[in-house]
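These notes concern the structure reproduced below.
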Amino acid sequence: MAARFTHLALPSRNLDATIAWYEAHTPMRAFHRRTDVDAEVAWLAEVVTGIDNPVGLVVVQTFEAREAGVPIPILTPFAHLGFDVDDPAEVDAAAMLGRASGCLHWEPANHPPPVGYLCALTDPDGNVVEFSYGQGL
């Protein structure tokens with residue numbers, strides 16, 4: 001099979017807030033946005049030189065969810081999105097920004113290999129987003 005992982009889709013209760021959060025706390029940027037018959041959709045990805053097709057995050061706010069106001073978060077309490085950083089100070093900076101924004105989920109901590117040094121934040125929909133140093137893949 002020649003399949004390649006391209007994206008993860010998550011529900012959002014407020015698409016604008018979710019896009020703003022990912023653009024403020026991660027290297028991901030919205031590169032596509034559209035309104036479908038029953039939802040608003042945005043695609044986000046990290047812009048990396050030399051990579052034409054990065055893995056993306058698709059956030060979807062259905063009109064039904066907008067009216068109800070509360071989609072069920074699916075990446076909690078342990079399931080999470082993971083971002084690798086180049087220096088432990090970047091983990092600390094992510095935690096400091098998360099603390100100031102009121103979204104720090106896990107304080108920075110060292111874990112045995114292969115986990116490394118990490119912290120986690122929660123996005124506006126309650127999904128956990130990890131920032132780690134020393135994990136690699």
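Naming works like this for the structure tokens: A, B, ... for the chains as they're shown, residue 1 at the start of each chain, ligands 1 onward in shown order.
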
Using only C-alpha atoms, determine which residues lie at most 6 Å from A:Ala42, disregarding the query and same-chain residues fewer than 3 positions distant; provide the list as a count of residues only. 4

Name all residues at most 12 Å from A:Arg66 (count only C-alpha atoms; drop same-chain ones fewer than 3 positions away) and give them as number ranges by chain. A: 11-16, 38-40, 60-63, 69-71

File dump, residues just selected, N, CA and C atoms, as a PDB file, in the first residue's frame:
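Heads up, here's the output in out_19.pdb:
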```pdb
ATOM      1  N   PRO A  11     -13.211  18.422  15.621  1.00  0.00           N
ATOM      2  CA  PRO A  11     -14.337  19.349  15.712  1.00  0.00           C
ATOM      3  C   PRO A  11     -13.917  20.629  16.430  1.00  0.00           C
ATOM      4  N   SER A  12     -14.616  21.695  16.120  1.00  0.00           N
ATOM      5  CA  SER A  12     -14.357  22.980  16.765  1.00  0.00           C
ATOM      6  C   SER A  12     -15.683  23.642  17.096  1.00  0.00           C
ATOM      7  N   ARG A  13     -15.749  24.265  18.250  1.00  0.00           N
ATOM      8  CA  ARG A  13     -16.985  24.987  18.587  1.00  0.00           C
ATOM      9  C   ARG A  13     -16.898  26.438  18.144  1.00  0.00           C
ATOM     10  N   ASN A  14     -15.688  26.959  17.909  1.00  0.00           N
ATOM     11  CA  ASN A  14     -15.507  28.327  17.430  1.00  0.00           C
ATOM     12  C   ASN A  14     -14.288  28.330  16.525  1.00  0.00           C
ATOM     13  N   LEU A  15     -14.509  28.250  15.224  1.00  0.00           N
ATOM     14  CA  LEU A  15     -13.425  28.100  14.263  1.00  0.00           C
ATOM     15  C   LEU A  15     -12.418  29.236  14.345  1.00  0.00           C
ATOM     16  N   ASP A  16     -12.884  30.470  14.470  1.00  0.00           N
ATOM     17  CA  ASP A  16     -11.963  31.609  14.551  1.00  0.00           C
ATOM     18  C   ASP A  16     -11.056  31.499  15.772  1.00  0.00           C
ATOM     19  N   ASP A  38     -22.986  22.349   5.510  1.00  0.00           N
ATOM     20  CA  ASP A  38     -23.343  22.198   6.919  1.00  0.00           C
ATOM     21  C   ASP A  38     -22.223  22.548   7.895  1.00  0.00           C
ATOM     22  N   ALA A  39     -21.125  23.144   7.391  1.00  0.00           N
ATOM     23  CA  ALA A  39     -19.999  23.412   8.288  1.00  0.00           C
ATOM     24  C   ALA A  39     -19.052  24.449   7.696  1.00  0.00           C
ATOM     25  N   GLU A  40     -18.224  25.018   8.592  1.00  0.00           N
ATOM     26  CA  GLU A  40     -17.072  25.819   8.175  1.00  0.00           C
ATOM     27  C   GLU A  40     -15.843  24.975   8.443  1.00  0.00           C
ATOM     28  N   VAL A  60     -13.137  21.644  11.995  1.00  0.00           N
ATOM     29  CA  VAL A  60     -14.470  21.749  11.403  1.00  0.00           C
ATOM     30  C   VAL A  60     -15.466  22.223  12.453  1.00  0.00           C
ATOM     31  N   GLN A  61     -16.163  23.290  12.136  1.00  0.00           N
ATOM     32  CA  GLN A  61     -17.239  23.778  12.999  1.00  0.00           C
ATOM     33  C   GLN A  61     -18.542  23.576  12.230  1.00  0.00           C
ATOM     34  N   THR A  62     -19.281  22.565  12.635  1.00  0.00           N
ATOM     35  CA  THR A  62     -20.578  22.359  11.986  1.00  0.00           C
ATOM     36  C   THR A  62     -21.548  23.424  12.459  1.00  0.00           C
ATOM     37  N   PHE A  63     -22.508  23.744  11.626  1.00  0.00           N
ATOM     38  CA  PHE A  63     -23.511  24.730  12.033  1.00  0.00           C
ATOM     39  C   PHE A  63     -24.326  24.193  13.206  1.00  0.00           C
ATOM     40  N   GLY A  69     -23.218  24.712  20.674  1.00  0.00           N
ATOM     41  CA  GLY A  69     -22.151  25.348  21.424  1.00  0.00           C
ATOM     42  C   GLY A  69     -21.090  24.438  22.002  1.00  0.00           C
ATOM     43  N   VAL A  70     -21.283  23.117  21.998  1.00  0.00           N
ATOM     44  CA  VAL A  70     -20.306  22.267  22.670  1.00  0.00           C
ATOM     45  C   VAL A  70     -20.081  20.939  21.940  1.00  0.00           C
ATOM     46  N   PRO A  71     -19.061  20.863  21.051  1.00  0.00           N
ATOM     47  CA  PRO A  71     -18.716  19.546  20.531  1.00  0.00           C
ATOM     48  C   PRO A  71     -17.955  18.766  21.604  1.00  0.00           C
TER      49      PRO A  71
END
```

For the helix (DSSP H, G or I) assignment from backbone DSSP, which residues of chain A qualify? Please present them as a PyMOL selection string. chain A and resi 15-25+63-68+88-101

Give me the residues within 10 Å of stretch 102-107 of chain A as a PyMOL selection string, counting only C-alpha atoms and dropping any in the same chain fewer than 4 places off. chain A and resi 77+91-92+94-98+118-124+126-131

Restricting the output to C-alpha atoms, write the selected residues as an mmCIF file, in the first residue's frame.
```
data_model
loop_
_atom_site.group_PDB
_atom_site.id
_atom_site.type_symbol
_atom_site.label_atom_id
_atom_site.label_comp_id
_atom_site.auth_asym_id
_atom_site.auth_seq_id
_atom_site.Cartn_x
_atom_site.Cartn_y
_atom_site.Cartn_z
ATOM 1 C CA PRO A 77 -7.365 13.361 28.783
ATOM 2 C CA VAL A 91 9.127 23.805 26.098
ATOM 3 C CA ASP A 92 9.430 26.287 28.955
ATOM 4 C CA ALA A 94 5.295 27.160 25.474
ATOM 5 C CA ALA A 95 4.382 26.457 29.104
ATOM 6 C CA MET A 96 4.813 30.115 30.067
ATOM 7 C CA LEU A 97 2.577 31.238 27.175
ATOM 8 C CA GLY A 98 0.055 28.535 28.057
ATOM 9 C CA LEU A 118 7.606 18.156 27.685
ATOM 10 C CA CYS A 119 4.588 20.208 28.614
ATOM 11 C CA ALA A 120 1.073 20.361 27.192
ATOM 12 C CA LEU A 121 -1.602 22.964 26.581
ATOM 13 C CA THR A 122 -5.300 22.632 25.777
ATOM 14 C CA ASP A 123 -6.779 24.239 22.686
ATOM 15 C CA PRO A 124 -10.129 26.100 22.834
ATOM 16 C CA GLY A 126 -10.260 20.930 25.095
ATOM 17 C CA ASN A 127 -7.827 18.950 22.925
ATOM 18 C CA VAL A 128 -4.391 18.380 24.446
ATOM 19 C CA VAL A 129 -1.362 19.695 22.508
ATOM 20 C CA GLU A 130 2.098 18.540 23.659
ATOM 21 C CA PHE A 131 5.424 20.322 23.137
#
```

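Between atom CA of A:Pro54 and atom CA of A:Thr6 the separation is 7.1 Å.
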
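Every protein or nucleic acid residue with an atom no more than 12 Å from A:Tyr133, counting only C-alpha atoms and leaving out same-chain residues fewer than 4 positions away, appears here: Gly82, Phe83, Asp84, Val85, Asp86, Asp87, Pro88, Ala89, Glu90, Val91, Asp92, Ala94, Pro108, Ala109, Asn110, His111, Pro112, Pro113, Pro114, Val115, Gly116, Tyr117, Leu118, Cys119, Ala120 and Leu137 of chain A.
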
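Distance-wise, atom CA of A:Leu57 and atom CA of A:Ala3 end up 17.5 Å apart.
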
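Considering only stretch 64-130 of chain A, backbone DSSP assigns strand (DSSP E) to A:His80, A:Leu81, A:Gly82, A:Phe83, A:Asp84, A:Leu104, A:His105, A:Trp106, A:Glu107, A:Pro108, A:Ala109, A:Asn110, A:His111, A:Gly116, A:Tyr117, A:Leu118, A:Cys119, A:Ala120, A:Leu121, A:Thr122, A:Val128, A:Val129, A:Glu130.
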
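Atom CA of A:Gly56 sits 8.6 Å away from atom CA of A:Ala9.
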
Excluding A:Met28 and its own-chain neighbours fewer than 3 positions away, which residues fall within 8 Å of it when counting only C-alpha atoms? Please give them as a PyMOL selection string. chain A and resi 22-23+44-47

Take the residues from that selection and put them in a file with N, CA and C atoms, as a compact mmCIF listing (two decimals), in the first residue's frame.
```txt
# COMPACT_ATOMS: atom_id res chain seq x y z
N TYR A 22 -4.13 28.04 17.48
CA TYR A 22 -3.05 27.27 16.84
C TYR A 22 -2.00 28.19 16.23
N GLU A 23 -2.42 29.33 15.69
CA GLU A 23 -1.45 30.26 15.12
C GLU A 23 -0.63 30.96 16.20
N LEU A 44 -4.96 23.70 8.49
CA LEU A 44 -3.76 24.33 9.03
C LEU A 44 -2.59 23.37 8.82
N ALA A 45 -1.41 23.93 8.63
CA ALA A 45 -0.20 23.11 8.51
C ALA A 45 1.00 23.99 8.85
N GLU A 46 2.08 23.32 9.16
CA GLU A 46 3.34 24.00 9.41
C GLU A 46 4.01 24.23 8.06
N VAL A 47 4.48 25.44 7.82
CA VAL A 47 5.19 25.73 6.59
C VAL A 47 6.66 25.33 6.81
```
